[in-house]
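**Q** Quick one: structure below, then a few questions.
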Amino acid sequence: MAKRWEEQLDTAKSYLDKAAKKMKKFADRKRRPTYYGVGDMVMVKFNPRQFKALRGMHQNLICNDLKGSKTDLAQQEREQVVQDRRDTSVYPREPESLKEIRSITANLLEFYMGATPDSGQLIAMLLNLINAKRTIEIGIFTRYSVLLTALIIPDDGKIIAIDPDRQSYELGLLVIQKAGVEHKIDFKDSPALPVLDKLLEYNENRDSLDFAFVYANKTNYGNYHERLMQFVKVGGVIVYDNTLWYETLVMPEENVDKLMRAERKYFLELNKFLAADTRIEISQVSVGDGMTICKRLF
Ligand SMILES: C[S@@+](CC[C@H](N)C(=O)[O-])C[C@H]1O[C@@H](n2cnc3c(N)ncnc32)[C@H](O)[C@@H]1O
């Protein structure tokens, strides 16, 4: 998100409040005072996802302990390329309602979970290429990708949208209503697997969908894949997000944050599995956090 840090004070403040609580806890344990004021340097530990997302937003405010190293410079260059792409090719074409969803999402503590606008642009292109009418989405959050899909499919098109987090979903409600596309979205307030299994009990749901987008709990992607292959028509498309898992797939495990290791291992396996699945044609692209596009062949 191209906002300057001054415009993101609420998010920054909530991180600092959290950090202050942690420091107080630490100080209480060590019996040291924790008074600090404006101008003091505060160290906050982010997980890699937060770091990557926040650095773009708080340029010059956030640095990492690799600053100046070759690794850090290469990473900064990659981030600059992404930022330039967004500024030049993505933001000028992004519908106003999607910008609104992004700005609602930017104020949340979990803002980094929102789909990136460049991933959205790629999804829009795929939907248009296949004239998608009926779609399914697993992992909705504040509805960025659901809204962009709803804006593209025809008026009698349908999106089955599954997510157990109704609270985040409700945040995008007004924008969806204003855009006049609410009737195209069938929201299922539940974890995805039971919903998919229930829907598959009805034969008419098999081979009925043109497109599926998965951006949810990672370690279930394999289970989703087997079911989505039954929902999506031959020639239809399934897209998995996060398949590069914050560039951790190419790192030695010991260099990866502990919180991300289970998913890293999972994606290494999943990517091999998808590559070997002869039922699909695939292309993995490094847009957003990596997306694997699968076309059902038979
Ligand atoms: C990265 S966000 C999705 C981003 C969204 N597609 C967008 O456009 O901003 C991941 C979402 O997956 C949801 N999720 C987690 N576990 C899930 C499950 N078992 N079934 C379906 N959704 C799940 C979370 O509640 C969260 O909203």
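Scheme for the structure tokens: letters A, B, ... for chains in order shown; per-chain residue numbers from 1; ligand numbers from 1 in order shown.
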Just want the 12 Å neighbourhood of Gly235 in chain A, counted on only C-alpha atoms, with same-chain residues fewer than 2 positions away dropped. Output as a list in words.
**A**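 The contact residues come out as Leu129, Ile130, Asn131, Ala132, Asp207, Ser208, Leu209, Asp210, Phe211, Met229, Phe231, Val232, Lys233, Val237, Ile238, Arg279, Ile280, Glu281, Cys294, Lys295, Arg296, Leu297 and Phe298 of chain A.
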**Q** Take the selection from the previous step and output its residues with C-alpha atoms, as an mmCIF file, in the first residue's frame.
**A**
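Output saved as result14.cif:
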```
data_model
loop_
_atom_site.group_PDB
_atom_site.id
_atom_site.type_symbol
_atom_site.label_atom_id
_atom_site.label_comp_id
_atom_site.auth_asym_id
_atom_site.auth_seq_id
_atom_site.Cartn_x
_atom_site.Cartn_y
_atom_site.Cartn_z
ATOM 1 C CA LEU A 129 -10.189 -14.523 -20.278
ATOM 2 C CA ILE A 130 -12.418 -17.454 -19.396
ATOM 3 C CA ASN A 131 -15.679 -15.448 -19.195
ATOM 4 C CA ALA A 132 -16.197 -16.750 -15.685
ATOM 5 C CA ASP A 207 -18.259 -29.633 -12.817
ATOM 6 C CA SER A 208 -20.337 -26.502 -12.300
ATOM 7 C CA LEU A 209 -17.765 -23.775 -11.610
ATOM 8 C CA ASP A 210 -15.517 -21.775 -13.927
ATOM 9 C CA PHE A 211 -13.055 -20.455 -11.390
ATOM 10 C CA MET A 229 -11.083 -30.536 -8.972
ATOM 11 C CA PHE A 231 -16.301 -28.529 -8.637
ATOM 12 C CA VAL A 232 -14.404 -26.836 -11.437
ATOM 13 C CA LYS A 233 -15.272 -27.679 -15.051
ATOM 14 C CA VAL A 237 -9.145 -22.443 -13.451
ATOM 15 C CA ILE A 238 -8.055 -22.811 -9.811
ATOM 16 C CA ARG A 279 -4.945 -33.444 -14.420
ATOM 17 C CA ILE A 280 -3.883 -29.798 -14.558
ATOM 18 C CA GLU A 281 -1.729 -27.427 -16.539
ATOM 19 C CA CYS A 294 -4.003 -24.382 -12.483
ATOM 20 C CA LYS A 295 -6.183 -25.196 -15.496
ATOM 21 C CA ARG A 296 -8.180 -28.418 -15.289
ATOM 22 C CA LEU A 297 -7.384 -30.609 -18.299
ATOM 23 C CA PHE A 298 -9.664 -33.589 -17.712
#
```
**Q** Can you pull out every residue within 7 Å of range 171-182 of chain A, counting only C-alpha atoms, but drop anything in the same chain fewer than 2 positions away, and send it as a list in words?
**A**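 Here the qualifying residues turn out to be Ser97, Ile101, Thr142, Arg143, Leu147, Ala150, Leu151, Gln167, Ser168, Tyr169, Lys184 and Ile185 of chain A.
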**Q** Could you write out that same residue set with C-alpha atoms as a PDB file, in the first residue's frame?
**A**
```pdb
ATOM      1  CA  SER A  97     -14.690   0.402  -4.691  1.00  0.00           C
ATOM      2  CA  ILE A 101     -11.742  -1.944   0.555  1.00  0.00           C
ATOM      3  CA  THR A 142     -12.401  -8.037   3.998  1.00  0.00           C
ATOM      4  CA  ARG A 143     -13.594  -9.086   0.537  1.00  0.00           C
ATOM      5  CA  LEU A 147     -15.547  -7.742  -4.752  1.00  0.00           C
ATOM      6  CA  ALA A 150     -18.320  -9.720  -8.350  1.00  0.00           C
ATOM      7  CA  LEU A 151     -17.537  -6.657 -10.472  1.00  0.00           C
ATOM      8  CA  GLN A 167     -16.362  -9.931  11.510  1.00  0.00           C
ATOM      9  CA  SER A 168     -13.761  -9.082   8.841  1.00  0.00           C
ATOM     10  CA  TYR A 169     -16.278  -9.934   6.130  1.00  0.00           C
ATOM     11  CA  LYS A 184     -23.907 -12.254  -6.593  1.00  0.00           C
ATOM     12  CA  ILE A 185     -22.224 -13.357  -3.344  1.00  0.00           C
TER      13      ILE A 185
END
```
**Q** Could you pull out the residues sitting within 8 Å of ligand 1, using only C-alpha atoms and all ligand atoms, and write them as a PyMOL selection string?
**A** chain A and resi 112-116+120+137-146+162-165+168-169+190-193+213-217+220
**Q** In range 206-245 of chain A, what's strand (DSSP E) per DSSP? Answer as a ChimeraX atom specification?
**A** /A:209-214,232-241
**Q** For the selection just defined, write its residues with C-alpha atoms to a file, as an mmCIF file, in the first residue's frame.
**A**
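Result written to out.cif:
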```cif
data_model
loop_
_atom_site.group_PDB
_atom_site.id
_atom_site.type_symbol
_atom_site.label_atom_id
_atom_site.label_comp_id
_atom_site.auth_asym_id
_atom_site.auth_seq_id
_atom_site.Cartn_x
_atom_site.Cartn_y
_atom_site.Cartn_z
ATOM 1 C CA LEU A 209 -17.765 -23.775 -11.610
ATOM 2 C CA ASP A 210 -15.517 -21.775 -13.927
ATOM 3 C CA PHE A 211 -13.055 -20.455 -11.390
ATOM 4 C CA ALA A 212 -11.777 -21.008 -7.844
ATOM 5 C CA PHE A 213 -9.510 -18.828 -5.741
ATOM 6 C CA VAL A 214 -7.884 -20.133 -2.569
ATOM 7 C CA VAL A 232 -14.404 -26.836 -11.437
ATOM 8 C CA LYS A 233 -15.272 -27.679 -15.051
ATOM 9 C CA VAL A 234 -12.729 -29.069 -17.504
ATOM 10 C CA GLY A 235 -11.036 -25.920 -18.846
ATOM 11 C CA GLY A 236 -11.807 -24.093 -15.599
ATOM 12 C CA VAL A 237 -9.145 -22.443 -13.451
ATOM 13 C CA ILE A 238 -8.055 -22.811 -9.811
ATOM 14 C CA VAL A 239 -5.664 -20.244 -8.320
ATOM 15 C CA TYR A 240 -3.703 -20.792 -5.108
ATOM 16 C CA ASP A 241 -2.200 -17.777 -3.388
#
```
**Q** Tell me, in Å to one decimal, how far CA of Leu244 in chain A is from CA of Asp289 in chain A.
**A**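 Going from CA of Leu244 in chain A over to CA of Asp289 in chain A, I get 5.7 Å.
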**Q** Pick from A:Lys272, A:Thr219, A:Asp72, A:Ile153: nearest to Leu126 in chain A, with only C-alpha atoms counted?
**A**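 Checking each candidate against Leu126 in chain A, we get A:Ile153 as the closest.
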**Q** Quick check, in Å to one decimal: how far apart do CA of Asp118 in chain A and CA of Asn255 in chain A lie?
**A** 28.0 Å
**Q** Rounded to one decimal place, report the CA of Gly222 in chain A-CA of Val250 in chain A distance in Å.
**A**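 CA of Val250 in chain A lies at a distance of 20.8 Å from CA of Gly222 in chain A.
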**Q** Between A:Glu201, A:Asp156, A:Asn242, A:Arg166, which one has atoms that come closest to Val285 in chain A, using only C-alpha atoms?
**A**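 Of the candidates, the smallest distance to Val285 in chain A is held by A:Asn242.
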**Q** Do a neighbour search on Asp197 in chain A at 12 Å with only C-alpha atoms, toss out local chain neighbours closer than 5 positions, and write the hits as JSON, numbers by chain.
**A** {"A": [191, 192, 202, 203, 205, 206, 223, 224, 226, 227, 228, 230, 231]}
**Q** Take the residues from that selection and write them out as a compact mmCIF listing (two decimals), in the first residue's frame, keeping C-alpha atoms.
**A**
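Output saved as selection.txt:
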```txt
# COMPACT_ATOMS: atom_id res chain seq x y z
CA PRO A 191 -14.43 -23.33 7.71
CA ALA A 192 -14.28 -24.46 4.09
CA TYR A 202 -25.36 -32.66 -4.74
CA ASN A 203 -24.47 -33.87 -8.22
CA ASN A 205 -22.59 -28.87 -8.08
CA ARG A 206 -20.00 -31.10 -9.74
CA ASN A 223 -7.59 -31.09 0.68
CA TYR A 224 -9.15 -28.14 -1.09
CA GLU A 226 -9.03 -32.61 -4.42
CA ARG A 227 -12.48 -31.14 -3.84
CA LEU A 228 -12.10 -28.17 -6.18
CA GLN A 230 -14.59 -31.94 -8.66
CA PHE A 231 -16.30 -28.53 -8.64
```
